[in-house]
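Report on one structure; see the data block that follows.
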Amino acid sequence: MNSCLQHVSCCRQAGNYMRERARENKDSNTDKRITLFIFGFILLIAVILYKLFTIQIIDSARYQLAAKKQYESKISLKPARGLIFDRKMNALVSNVNSYSFAADPNMVDNKDSAATIFANIFGKDKSHYTEKLNTKNTSFVWLERRIDPNFEPFVKDLNLSGVIKLNEQHRIFNYEGLGSQIIGFTNIDNIGLSGVELELNEILSGKDGYIVMQKDGLGRKRPAIEYPREEPVDGNNVILTIDMNIQKIVEEELSAAVNVNSALGGKVVVMAVKTGEILAMNSISLDGSSPDKIAVITDLYEPGSTFKIITAAAALEEGLQSKTDIIGTYGGEYMKIRDAHKFANMTFQQVIEQSSNIGIIQVANALGKERFYKYARDFGCGISTGIDLPGEMKGRLKRPVEFSPVSLDYMSIGYEVLVNALQMTNAYACVANGGMMMKPFMVRRILSPDGKVIKENHPTEIRNVISNTTARTLTELLIGVVERGTGVDAKIDNIKIAGKTGTSQKLVEGEYSKSQYTSSFVGYFPAENPQIVVLVIIDAPASGEYYGGKVAAPIFRNIAKRIIDLTGLHEYSAPDYMASNVVLAGNIQQYQPLGNNNFNLVNFDIADAVKILNEKEIEFVIEGARKNAIVVSQSEFTDEEGVKKIKLVTSGGGSVTKSVKESAVIMPDLRGLSLRKCINILSSLNANYKIDGTGKVLAQSPQPGANINKNQTIIISCGY
Amino acid sequence: MEAKVNKIDLWILIPVLVLITFSLGVVYSASSSWSAKMSGDSGLLFRNHLIRVLIGVSLIFLFSRINYLHLVRYRKLLMGLAILLLMYLLFAGAEATKGAARWIRIGGFSFQPADFVKYALLVNLAYLLSKKKDYVSNLYYGYLPLLGYVLIVVSLIALQPNFSTASVIFISSFMLFWVARVKVKHMVITFISLVPFIIFYVISKPYIMNRIFSFQEHTSGGDTGYQLSQAIIGFGNGGLLGVGPGNSNQKEFFLPQSYDDFVFSIVGEEYGFIGVSLVLLMFGIFILSGLKLSKVTQDDFGKYLAFGITTIIGLNAIINMMVATGTIPTTGQTLPFISYGGTSIIFNSMAVGILLNISTQRLHPKGALWTETLNNEVINEEDD
């Protein structure tokens, strides 16, 4: 039993032993497997480490760039476009702030609701916005630009994720668009399209700046004033040779004349004889061409009789003719050419005064085509005047070898030759200026935004075309035209006018029309010491009269009279007409650095600006909207209690930038002027005025040189 | 029989404390903007996290003082509670987040049962494996009961649906099975027979396909693709040295879940390659020490428990980091000890405490405490 038990126990012991051995084997097996997991985990950690090494070390630069791109948004700061002034520093244009909306399609949370909101406000189709908001591969699309100020109340509190509100400037003309044709237009991106705006676009546009804003993942901007910032450089200001008052006269008279004559159009150029400065210039074209086309330099015409001055000048200069020489005029009929007057013979003076075609042809034939060509060319035919405006057509002057047997005849009376109105004006200015041709120009000065002169254009002599004596003789002949000849309708009391009429048949479909004429008059005054030359062209007058002497001469007279009434003519004789201490009215100073707080909040959202100022514990005042507005200017001032504060001006939309308009008009010195002249000037300033008494102006308020506020009434006291 | 008591394994404790401490700075930075956006209080999420960290650290020390063998006694209770909670999630007032019911809100705490369930399951598996040690290769008495536990838990979690957590629990369970020498044949057959179910499951849950798809594209297609590309930008932006503590830009709403699932990217951005390497080193030390502890632990229950805890935490960490670096498709795993992980930090801390307690008893003769526990259900821990 015992042994049996012993045996059992022994067996059990052996069994236990076996089991223990097996267990130990199993245990070591388990431990081996755990060791395997240790290596497994090490391997996995190594994989992660390798992956991180690739991302963080090898490709780091790429991801940092991607990060920067999404954290920062660069917002370009638009400079203020330079202003354009007339010669007396009246700003002819202003910049106006208005709101625009753009979106970053990637950042717009709810495109559908954003589109609905915009569609409701602006009354457009929802799909119009949905399409824009779904633009791929861009972070910027315009939704609405330069919104109508009427919409502003509705968008004031608009705050959608991914939708950006921008303050944009755009150009407006002052003085009801006075001079707009020469000044030209800009597109929605403030780029010049025509006129001076196009010609001097680079000078006017300035340089974009930028601010870097931090963005968060919800597309919200976080202002960061310590971020790099590049200030925009405002455009330069351009001062034209144009005289706003004369321009107004020209525009009024031309428009009236085109109306009265039922004409297809018309052109007027007013130029300072001694300097070549364009004082005023305008054209009207009712033939469907663009209104901003500067037809004075882009349209070519056959000048007709006004061209005879060139034939006459050549003959006089060459000594072939004198005023009193008798010329056979064949009773007014010679070959195919007819004169209005049937004389057998005329003096050279009469030929000019009565504008005898036959007489001039005789003279031209005596001259010969080579000499005729030389003078025509010297007077600028077929050569660009070099005016600083875009699009000038230089016209066409045939070379002698190209002349047909009748070319000389026709050219001598202003056919078979194409000129622009400015070339013709300049030819007369040359005669008026004693034979010295000046280069016409429009831009007097270019001033930097802070008023420094960057460029000054001086009168430039081109060439001496004829001698002083010849010029004087020609002026005498031209005085005769106005005194007793075809141009009597241009006559003005008390002042001598020298001028010439022109009536040319228009070339319509390759044939000279019997019903469409170009009627012109070009003249200068005062004839004794010429200062101003005026050219008037009426295109296809259709209400009866078509002779230049009947159609254009009276317009010339009206314009000349009003110019003479306006101001003393002496001011156009000297090149340095401008006072040296000119105050630049349109200087838009957006930012003055602030002593210790040298930071700039311009173009920040007002809410961000307020946040920053609060953080810095700087006292401030806000002028303009306090919500959803953009800071347009920042300045420092000291209040009554002597506390330094910052003043922020915000865009209310539609407001004129920094009251350019108000400061643009400067009160002229009216004292001593006749009441008529005074009213003429005040009306051209578009000012409200009140006049006490009659006679000459004795006193005025405001004082000369002061800025005239738009709503201000000017008070004039008159007496004897 | 006298129990041998060793000192706490500092190689386990120190990396965990380093990671938890580190998490305070990281979560503070990563959560402030989101917190401000959600509640208007930028410190709210951080304060929640801080409370949990404090509770967690206390639990580490508390559990390191409690004999882990007590778990044996409560194992059925734990399992019952786990199944109850999972059922509750499925059928009762569960709060749906991220398209799946994974959370239970108790008071101010949101409670993710999976954090608890995986440990409850582990305790049971470790016990069964040690008890069935000798016949674990037997299909009916050994393998199938074990598999039963696993399948019940995994399928309940998969039905939430939470595919990634279910897979992780399944995989870590099978890792434990393999270590405990369950027959490989059984496991392979199980896996093969599960394949049709997995395929059916994946097809019925389009988000899983999306994640895999967006992972392959690796670009900003869909939310998960966006999240991943933002996570990688964060790492890249950090470079070698990082942008500095608190200076992350990605947390400014570029990177969703910057303070929980993708917190590792914020670590990479703020502390650079150096920072993430240190985090990896800490996890490496923890995993190595945990597995080494498992190796040297004489008691089988302790051995398996130590292995299970280490692999659960280690796998979670590895998977989270691999997801954040775009190595594997996106899953919803938090980074242990570092993420603002709600309750995960609490249960992970308990698990670490248990691990530390195992380390104090690692050299007990095999089976000694085992018998004692079963027979007396009393353990004198301090008995030297």
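Numbering starts fresh at 1 for the residues of each chain in the structure tokens, the chains themselves are lettered A, B, ... in the order given, and ligands are numbered from 1 as they appear.
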Per-residue nearest contacts chain B to chain A, cut-off 8 Å, using only C-alpha atoms, as a tab-separated table:
```
residue	atom	partner	partner_atom	distance
B:Asp134	CA	A:Arg23	CA	7.9
B:Trp178	CA	A:Arg33	CA	7.9
B:Val179	CA	A:Thr30	CA	5.2
B:Ala180	CA	A:Thr30	CA	6.1
B:Arg181	CA	A:Thr30	CA	6.9
B:Ile232	CA	A:Ile55	CA	7.2
B:Ile233	CA	A:Tyr63	CA	5.1
B:Gly234	CA	A:Ala67	CA	7.5
B:Phe235	CA	A:Gln56	CA	5.8
B:Gly236	CA	A:Gln56	CA	4.4
B:Asn237	CA	A:Gln64	CA	4.4
B:Gly238	CA	A:Gln56	CA	6.6
B:Gly239	CA	A:Gln56	CA	4.4
B:Leu240	CA	A:Ile57	CA	6.1
B:Asn249	CA	A:Tyr71	CA	7.1
B:Gln250	CA	A:Gly217	CA	7.6
B:Glu252	CA	A:Asp216	CA	5.1
B:Phe253	CA	A:Gly217	CA	4.2
B:Phe254	CA	A:Gly217	CA	3.9
B:Leu255	CA	A:Gly217	CA	7.5
B:Gly272	CA	A:Gln56	CA	7.2
B:Phe273	CA	A:Gln56	CA	6.1
B:Ser277	CA	A:Leu49	CA	6.9
B:Leu280	CA	A:Ile45	CA	6.8
B:Gly284	CA	A:Ile42	CA	7.1
B:Ile287	CA	A:Ile38	CA	7.6
B:Leu288	CA	A:Ile38	CA	6.1
B:Leu291	CA	A:Ile34	CA	6.5
B:Lys292	CA	A:Thr35	CA	7.9
B:Ser294	CA	A:Ile34	CA	7.7
B:Lys295	CA	A:Asp31	CA	5.3
B:Phe307	CA	A:Ile34	CA	7.9
B:Gly314	CA	A:Phe41	CA	7.9
B:Ile318	CA	A:Ile45	CA	7.1
B:Met321	CA	A:Ile48	CA	7.1
B:Met322	CA	A:Ile48	CA	6.3
B:Thr325	CA	A:Lys51	CA	6.8
B:Thr327	CA	A:Lys51	CA	7.5
```
Okay, now the selection with N, CA, C and O atoms, as a short mmCIF file (atom, residue, chain, number, x, y, z; two decimals), in the first residue's frame?
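Dumped everything to selection21.cif:
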```
data_model
loop_
_atom_site.label_atom_id
_atom_site.label_comp_id
_atom_site.auth_asym_id
_atom_site.auth_seq_id
_atom_site.Cartn_x
_atom_site.Cartn_y
_atom_site.Cartn_z
N ASP B 134 -1.39 24.96 -19.15
CA ASP B 134 -1.00 23.62 -19.55
C ASP B 134 -1.84 23.06 -20.69
O ASP B 134 -1.42 22.18 -21.40
N TRP B 178 -0.17 34.72 -28.75
CA TRP B 178 1.03 34.12 -29.35
C TRP B 178 2.13 33.97 -28.31
O TRP B 178 2.81 32.95 -28.24
N VAL B 179 2.29 35.04 -27.53
CA VAL B 179 3.31 34.99 -26.48
C VAL B 179 3.00 33.87 -25.48
O VAL B 179 3.88 33.18 -25.01
N ALA B 180 1.70 33.69 -25.21
CA ALA B 180 1.31 32.65 -24.25
C ALA B 180 1.19 31.29 -24.93
O ALA B 180 0.60 30.36 -24.36
N ARG B 181 1.72 31.21 -26.13
CA ARG B 181 1.83 29.94 -26.85
C ARG B 181 0.48 29.30 -27.20
O ARG B 181 0.32 28.10 -27.18
N ILE B 232 1.33 66.92 -41.39
CA ILE B 232 2.67 66.79 -41.95
C ILE B 232 3.30 68.16 -42.14
O ILE B 232 4.49 68.36 -41.88
N ILE B 233 2.48 69.15 -42.55
CA ILE B 233 3.00 70.51 -42.63
C ILE B 233 3.52 70.95 -41.26
O ILE B 233 4.56 71.57 -41.13
N GLY B 234 2.78 70.57 -40.21
CA GLY B 234 3.21 70.92 -38.86
C GLY B 234 4.58 70.35 -38.53
O GLY B 234 5.47 71.07 -38.09
N PHE B 235 4.75 69.05 -38.80
CA PHE B 235 6.06 68.43 -38.56
C PHE B 235 7.14 69.15 -39.35
O PHE B 235 8.19 69.52 -38.83
N GLY B 236 6.87 69.34 -40.64
CA GLY B 236 7.87 69.95 -41.52
C GLY B 236 8.21 71.35 -41.08
O GLY B 236 9.38 71.76 -41.11
N ASN B 237 7.19 72.08 -40.67
CA ASN B 237 7.42 73.46 -40.26
C ASN B 237 8.30 73.52 -39.01
O ASN B 237 9.04 74.46 -38.80
N GLY B 238 8.22 72.47 -38.18
CA GLY B 238 9.04 72.44 -36.98
C GLY B 238 10.52 72.27 -37.28
O GLY B 238 11.36 72.79 -36.57
N GLY B 239 10.81 71.52 -38.34
CA GLY B 239 12.21 71.31 -38.70
C GLY B 239 12.97 70.61 -37.60
O GLY B 239 12.41 69.80 -36.86
N LEU B 240 14.23 70.95 -37.45
CA LEU B 240 15.08 70.26 -36.47
C LEU B 240 14.75 70.70 -35.05
O LEU B 240 14.59 69.90 -34.16
N ASN B 249 1.68 77.36 -35.20
CA ASN B 249 0.66 78.02 -36.00
C ASN B 249 -0.42 77.04 -36.40
O ASN B 249 -1.55 77.43 -36.64
N GLN B 250 -0.06 75.78 -36.48
CA GLN B 250 -1.00 74.76 -36.91
C GLN B 250 -2.18 74.64 -35.95
O GLN B 250 -3.28 74.28 -36.34
N GLU B 252 -3.70 76.92 -34.71
CA GLU B 252 -4.65 78.00 -34.98
C GLU B 252 -5.65 77.56 -36.04
O GLU B 252 -5.78 78.18 -37.08
N PHE B 253 -6.29 76.47 -35.77
CA PHE B 253 -7.41 75.96 -36.58
C PHE B 253 -6.98 75.39 -37.93
O PHE B 253 -7.82 75.10 -38.77
N PHE B 254 -5.67 75.27 -38.16
CA PHE B 254 -5.26 74.60 -39.39
C PHE B 254 -5.36 73.09 -39.19
O PHE B 254 -5.78 72.37 -40.07
N LEU B 255 -4.94 72.65 -38.02
CA LEU B 255 -4.91 71.22 -37.75
C LEU B 255 -6.06 70.86 -36.82
O LEU B 255 -6.04 71.19 -35.64
N GLY B 272 10.28 70.41 -32.71
CA GLY B 272 11.13 69.94 -33.79
C GLY B 272 11.45 68.46 -33.74
O GLY B 272 10.88 67.70 -32.96
N PHE B 273 12.39 68.07 -34.58
CA PHE B 273 12.81 66.67 -34.67
C PHE B 273 13.40 66.22 -33.34
O PHE B 273 13.22 65.09 -32.91
N SER B 277 11.92 63.12 -31.28
CA SER B 277 12.86 62.02 -31.00
C SER B 277 12.86 61.70 -29.52
O SER B 277 12.91 60.53 -29.12
N LEU B 280 9.79 59.77 -28.75
CA LEU B 280 9.98 58.39 -29.21
C LEU B 280 10.91 57.63 -28.27
O LEU B 280 10.68 56.45 -27.96
N GLY B 284 10.05 54.39 -26.29
CA GLY B 284 10.95 53.25 -26.50
C GLY B 284 11.40 52.68 -25.18
O GLY B 284 11.34 51.45 -24.95
N ILE B 287 8.43 50.96 -23.47
CA ILE B 287 8.07 49.67 -24.07
C ILE B 287 9.11 48.60 -23.74
O ILE B 287 8.78 47.48 -23.32
N LEU B 288 10.37 48.98 -23.91
CA LEU B 288 11.44 48.03 -23.62
C LEU B 288 11.40 47.57 -22.16
O LEU B 288 11.49 46.36 -21.87
N LEU B 291 8.34 45.33 -21.55
CA LEU B 291 8.48 43.98 -22.10
C LEU B 291 9.55 43.21 -21.35
O LEU B 291 9.43 41.98 -21.14
N LYS B 292 10.59 43.91 -20.93
CA LYS B 292 11.64 43.26 -20.15
C LYS B 292 11.06 42.77 -18.82
O LYS B 292 11.35 41.66 -18.36
N SER B 294 8.00 41.99 -18.33
CA SER B 294 7.19 40.81 -18.64
C SER B 294 8.07 39.57 -18.71
O SER B 294 7.69 38.50 -18.23
N LYS B 295 9.26 39.73 -19.28
CA LYS B 295 10.16 38.58 -19.42
C LYS B 295 10.62 38.05 -18.07
O LYS B 295 10.66 36.84 -17.86
N PHE B 307 2.92 42.19 -20.16
CA PHE B 307 3.04 42.20 -21.62
C PHE B 307 1.86 42.93 -22.26
O PHE B 307 2.00 43.79 -23.13
N GLY B 314 1.95 50.69 -25.90
CA GLY B 314 2.96 50.83 -26.96
C GLY B 314 2.33 50.86 -28.34
O GLY B 314 2.65 51.72 -29.16
N ILE B 318 2.46 53.85 -31.02
CA ILE B 318 3.05 53.64 -32.35
C ILE B 318 2.03 53.94 -33.43
O ILE B 318 2.32 54.65 -34.41
N MET B 321 1.40 57.67 -33.73
CA MET B 321 2.51 58.40 -34.35
C MET B 321 2.61 58.07 -35.85
O MET B 321 2.94 58.92 -36.66
N MET B 322 2.31 56.81 -36.17
CA MET B 322 2.35 56.43 -37.59
C MET B 322 1.24 57.13 -38.37
O MET B 322 1.42 57.53 -39.51
N THR B 325 2.20 60.80 -38.86
CA THR B 325 3.26 61.03 -39.84
C THR B 325 2.89 60.50 -41.22
O THR B 325 3.69 60.52 -42.13
N THR B 327 2.23 57.43 -42.07
CA THR B 327 2.80 56.13 -42.41
C THR B 327 1.69 55.09 -42.63
O THR B 327 1.85 54.19 -43.44
#
```
Quick one: contact table of stretch 261-282 of chain A to stretch 458-463 of chain A, 8 Å max, nearest atom pair and distance in Å to one decimal per residue, counting only C-alpha atoms, chain and number order, as a tab-separated table?
```
residue	atom	partner	partner_atom	distance
A:Thr275	CA	A:Pro459	CA	5.0
A:Gly276	CA	A:Pro459	CA	6.4
A:Glu277	CA	A:Pro459	CA	7.5
```
Those same residues, written as a PDB file, in the first residue's frame with N, CA, C and O atoms?
```
ATOM      1  N   THR A 275       5.479 129.805 -75.745  1.00  0.00           N
ATOM      2  CA  THR A 275       6.037 128.649 -75.055  1.00  0.00           C
ATOM      3  C   THR A 275       5.669 127.311 -75.691  1.00  0.00           C
ATOM      4  O   THR A 275       6.334 126.314 -75.439  1.00  0.00           O
ATOM      5  N   GLY A 276       4.614 127.283 -76.468  1.00  0.00           N
ATOM      6  CA  GLY A 276       4.160 126.008 -77.020  1.00  0.00           C
ATOM      7  C   GLY A 276       3.284 125.229 -76.064  1.00  0.00           C
ATOM      8  O   GLY A 276       2.949 124.071 -76.316  1.00  0.00           O
ATOM      9  N   GLU A 277       2.900 125.849 -74.960  1.00  0.00           N
ATOM     10  CA  GLU A 277       2.039 125.148 -74.005  1.00  0.00           C
ATOM     11  C   GLU A 277       0.616 125.063 -74.535  1.00  0.00           C
ATOM     12  O   GLU A 277       0.077 126.046 -75.046  1.00  0.00           O
TER      13      GLU A 277
END
```
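Residues surrounding A:Lys369 within 9 Å are A:Ala364, A:Asn365, A:Leu367, A:Arg371, A:Phe372, A:Tyr373, A:Lys374, A:Arg399, A:Pro400, A:Phe403, A:Ser407, A:Leu408 [only C-alpha atoms; sequence separation below 2 positions excluded].
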Those selected residues, please, written with all heavy atoms and delivered as an mmCIF file, in the first residue's frame.
```cif
data_model
loop_
_atom_site.group_PDB
_atom_site.id
_atom_site.type_symbol
_atom_site.label_atom_id
_atom_site.label_comp_id
_atom_site.auth_asym_id
_atom_site.auth_seq_id
_atom_site.Cartn_x
_atom_site.Cartn_y
_atom_site.Cartn_z
ATOM 1 N N ALA A 364 2.521 129.596 -105.741
ATOM 2 C CA ALA A 364 3.138 128.291 -105.528
ATOM 3 C C ALA A 364 3.906 127.836 -106.756
ATOM 4 O O ALA A 364 5.000 127.265 -106.657
ATOM 5 C CB ALA A 364 2.066 127.263 -105.172
ATOM 6 N N ASN A 365 3.336 128.095 -107.928
ATOM 7 C CA ASN A 365 4.023 127.692 -109.141
ATOM 8 C C ASN A 365 5.318 128.452 -109.328
ATOM 9 O O ASN A 365 6.307 127.911 -109.817
ATOM 10 C CB ASN A 365 3.097 127.859 -110.345
ATOM 11 C CG ASN A 365 2.112 126.686 -110.408
ATOM 12 O OD1 ASN A 365 2.493 125.541 -110.206
ATOM 13 N ND2 ASN A 365 0.849 126.996 -110.652
ATOM 14 N N LEU A 367 7.069 129.407 -106.912
ATOM 15 C CA LEU A 367 7.942 128.841 -105.874
ATOM 16 C C LEU A 367 8.566 127.516 -106.316
ATOM 17 O O LEU A 367 9.734 127.236 -106.058
ATOM 18 C CB LEU A 367 7.088 128.622 -104.622
ATOM 19 C CG LEU A 367 7.720 128.540 -103.256
ATOM 20 C CD1 LEU A 367 8.523 129.797 -102.933
ATOM 21 C CD2 LEU A 367 6.628 128.357 -102.214
ATOM 22 N N ARG A 371 10.897 123.947 -103.257
ATOM 23 C CA ARG A 371 10.877 124.964 -102.204
ATOM 24 C C ARG A 371 9.569 124.900 -101.413
ATOM 25 O O ARG A 371 9.553 125.048 -100.204
ATOM 26 C CB ARG A 371 11.085 126.362 -102.799
ATOM 27 C CG ARG A 371 12.564 126.620 -103.115
ATOM 28 C CD ARG A 371 12.830 128.048 -103.424
ATOM 29 N NE ARG A 371 12.242 128.418 -104.726
ATOM 30 C CZ ARG A 371 12.511 129.578 -105.329
ATOM 31 N NH1 ARG A 371 13.312 130.476 -104.769
ATOM 32 N NH2 ARG A 371 11.987 129.854 -106.499
ATOM 33 N N PHE A 372 8.481 124.676 -102.113
ATOM 34 C CA PHE A 372 7.195 124.540 -101.401
ATOM 35 C C PHE A 372 7.258 123.403 -100.392
ATOM 36 O O PHE A 372 6.854 123.534 -99.237
ATOM 37 C CB PHE A 372 6.067 124.283 -102.412
ATOM 38 C CG PHE A 372 4.753 123.949 -101.730
ATOM 39 C CD1 PHE A 372 3.939 124.965 -101.243
ATOM 40 C CD2 PHE A 372 4.343 122.629 -101.556
ATOM 41 C CE1 PHE A 372 2.744 124.670 -100.609
ATOM 42 C CE2 PHE A 372 3.150 122.332 -100.917
ATOM 43 C CZ PHE A 372 2.346 123.350 -100.445
ATOM 44 N N TYR A 373 7.800 122.290 -100.836
ATOM 45 C CA TYR A 373 7.894 121.116 -99.972
ATOM 46 C C TYR A 373 8.726 121.419 -98.735
ATOM 47 O O TYR A 373 8.366 121.062 -97.606
ATOM 48 C CB TYR A 373 8.492 119.937 -100.732
ATOM 49 C CG TYR A 373 8.786 118.750 -99.829
ATOM 50 C CD1 TYR A 373 7.760 117.899 -99.424
ATOM 51 C CD2 TYR A 373 10.076 118.496 -99.352
ATOM 52 C CE1 TYR A 373 8.004 116.837 -98.575
ATOM 53 C CE2 TYR A 373 10.333 117.441 -98.510
ATOM 54 C CZ TYR A 373 9.297 116.605 -98.124
ATOM 55 O OH TYR A 373 9.537 115.563 -97.286
ATOM 56 N N LYS A 374 9.864 122.139 -98.982
ATOM 57 C CA LYS A 374 10.768 122.437 -97.868
ATOM 58 C C LYS A 374 10.037 123.222 -96.772
ATOM 59 O O LYS A 374 10.129 122.891 -95.578
ATOM 60 C CB LYS A 374 11.980 123.242 -98.356
ATOM 61 C CG LYS A 374 12.889 123.713 -97.232
ATOM 62 C CD LYS A 374 13.948 124.695 -97.716
ATOM 63 C CE LYS A 374 14.769 125.263 -96.564
ATOM 64 N NZ LYS A 374 14.004 126.169 -95.730
ATOM 65 N N ARG A 399 6.275 113.853 -100.893
ATOM 66 C CA ARG A 399 7.588 114.361 -101.304
ATOM 67 C C ARG A 399 7.479 114.802 -102.771
ATOM 68 O O ARG A 399 6.632 114.289 -103.514
ATOM 69 C CB ARG A 399 8.649 113.282 -101.119
ATOM 70 C CG ARG A 399 9.030 113.110 -99.650
ATOM 71 C CD ARG A 399 10.027 111.996 -99.441
ATOM 72 N NE ARG A 399 9.413 110.691 -99.687
ATOM 73 C CZ ARG A 399 9.920 109.802 -100.531
ATOM 74 N NH1 ARG A 399 11.030 110.062 -101.210
ATOM 75 N NH2 ARG A 399 9.318 108.638 -100.695
ATOM 76 N N PRO A 400 8.319 115.746 -103.182
ATOM 77 C CA PRO A 400 8.205 116.295 -104.543
ATOM 78 C C PRO A 400 8.159 115.211 -105.615
ATOM 79 O O PRO A 400 7.420 115.339 -106.588
ATOM 80 C CB PRO A 400 9.462 117.144 -104.665
ATOM 81 C CG PRO A 400 9.761 117.570 -103.274
ATOM 82 C CD PRO A 400 9.333 116.458 -102.386
ATOM 83 N N PHE A 403 4.745 114.053 -106.338
ATOM 84 C CA PHE A 403 3.752 115.017 -106.806
ATOM 85 C C PHE A 403 3.221 114.607 -108.180
ATOM 86 O O PHE A 403 3.970 114.215 -109.067
ATOM 87 C CB PHE A 403 4.385 116.419 -106.935
ATOM 88 C CG PHE A 403 4.564 117.148 -105.613
ATOM 89 C CD1 PHE A 403 4.507 116.486 -104.403
ATOM 90 C CD2 PHE A 403 4.803 118.528 -105.617
ATOM 91 C CE1 PHE A 403 4.680 117.168 -103.212
ATOM 92 C CE2 PHE A 403 4.976 119.208 -104.427
ATOM 93 C CZ PHE A 403 4.919 118.532 -103.212
ATOM 94 N N SER A 407 -0.455 118.342 -108.215
ATOM 95 C CA SER A 407 -0.273 118.275 -106.762
ATOM 96 C C SER A 407 0.099 119.624 -106.176
ATOM 97 O O SER A 407 -0.473 120.046 -105.153
ATOM 98 C CB SER A 407 0.814 117.267 -106.408
ATOM 99 O OG SER A 407 0.293 115.966 -106.488
ATOM 100 N N LEU A 408 1.050 120.280 -106.794
ATOM 101 C CA LEU A 408 1.509 121.549 -106.230
ATOM 102 C C LEU A 408 0.357 122.538 -106.128
ATOM 103 O O LEU A 408 0.182 123.215 -105.114
ATOM 104 C CB LEU A 408 2.658 122.124 -107.079
ATOM 105 C CG LEU A 408 3.284 123.416 -106.556
ATOM 106 C CD1 LEU A 408 3.841 123.253 -105.152
ATOM 107 C CD2 LEU A 408 4.371 123.904 -107.503
#
```
May I have the residues within 7 Å of stretch 495-499 of chain A as a short mmCIF file (atom, residue, chain, number, x, y, z; two decimals) with N, CA, C and O atoms, in the first residue's frame, using only C-alpha atoms and disregarding those fewer than 6 positions away in the same chain?
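Once everything was written out, this is around_6.cif:
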```
data_model
loop_
_atom_site.label_atom_id
_atom_site.label_comp_id
_atom_site.auth_asym_id
_atom_site.auth_seq_id
_atom_site.Cartn_x
_atom_site.Cartn_y
_atom_site.Cartn_z
N THR A 475 1.83 138.28 -90.36
CA THR A 475 0.87 138.73 -89.35
C THR A 475 0.05 139.90 -89.90
O THR A 475 -1.17 139.95 -89.72
N LEU A 478 -2.45 138.60 -92.14
CA LEU A 478 -3.51 137.91 -91.40
C LEU A 478 -4.41 138.90 -90.65
O LEU A 478 -5.61 138.64 -90.47
N ILE A 479 -3.83 140.02 -90.22
CA ILE A 479 -4.67 141.06 -89.62
C ILE A 479 -5.69 141.55 -90.66
O ILE A 479 -6.87 141.70 -90.38
N VAL A 481 -6.91 139.88 -93.08
CA VAL A 481 -7.97 138.87 -93.27
C VAL A 481 -9.12 139.15 -92.32
O VAL A 481 -10.29 139.09 -92.70
N VAL A 482 -8.76 139.47 -91.06
CA VAL A 482 -9.80 139.69 -90.05
C VAL A 482 -10.41 141.08 -90.21
O VAL A 482 -11.61 141.28 -90.02
N PHE A 521 -11.06 128.10 -88.57
CA PHE A 521 -10.44 129.41 -88.42
C PHE A 521 -9.30 129.24 -87.45
O PHE A 521 -9.46 128.60 -86.40
N VAL A 522 -8.15 129.82 -87.83
CA VAL A 522 -7.04 129.78 -86.89
C VAL A 522 -6.48 131.20 -86.81
O VAL A 522 -6.29 131.86 -87.82
N GLY A 523 -6.28 131.64 -85.58
CA GLY A 523 -5.80 133.01 -85.43
C GLY A 523 -5.10 133.21 -84.11
O GLY A 523 -5.12 132.34 -83.24
N TYR A 524 -4.43 134.37 -84.01
CA TYR A 524 -3.73 134.65 -82.75
C TYR A 524 -3.89 136.11 -82.39
O TYR A 524 -4.23 136.95 -83.21
N PHE A 525 -3.66 136.38 -81.12
CA PHE A 525 -3.87 137.72 -80.60
C PHE A 525 -3.03 137.93 -79.35
O PHE A 525 -2.64 136.93 -78.72
N PRO A 526 -2.81 139.12 -78.91
CA PRO A 526 -2.99 140.37 -79.69
C PRO A 526 -1.97 140.39 -80.83
O PRO A 526 -0.81 140.01 -80.60
N ALA A 527 -2.40 140.84 -81.99
CA ALA A 527 -1.57 140.69 -83.19
C ALA A 527 -0.23 141.42 -83.06
O ALA A 527 0.78 140.99 -83.61
#
```
Could you list, as an MDAnalysis selection string, every residue within 12 Å of stretch 115-118 of chain A, counting only C-alpha atoms and ignoring same-chain residues fewer than 4 positions away? chainID A and resid 101:103 105 108:111 122:134 143:144 147 151 154:155 157:160 163
Do you know which residues are at most 10 Å from B:Tyr28 counting only C-alpha atoms, after dropping those on the same chain fewer than 5 positions away, and could you put them as a PyMOL selection string? chain B and resi 23+33+35+42-47+49-50+245-246+259+340
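Picture a line from atom CA of A:Glu199 to atom CA of A:Val258; it runs 28.2 Å.
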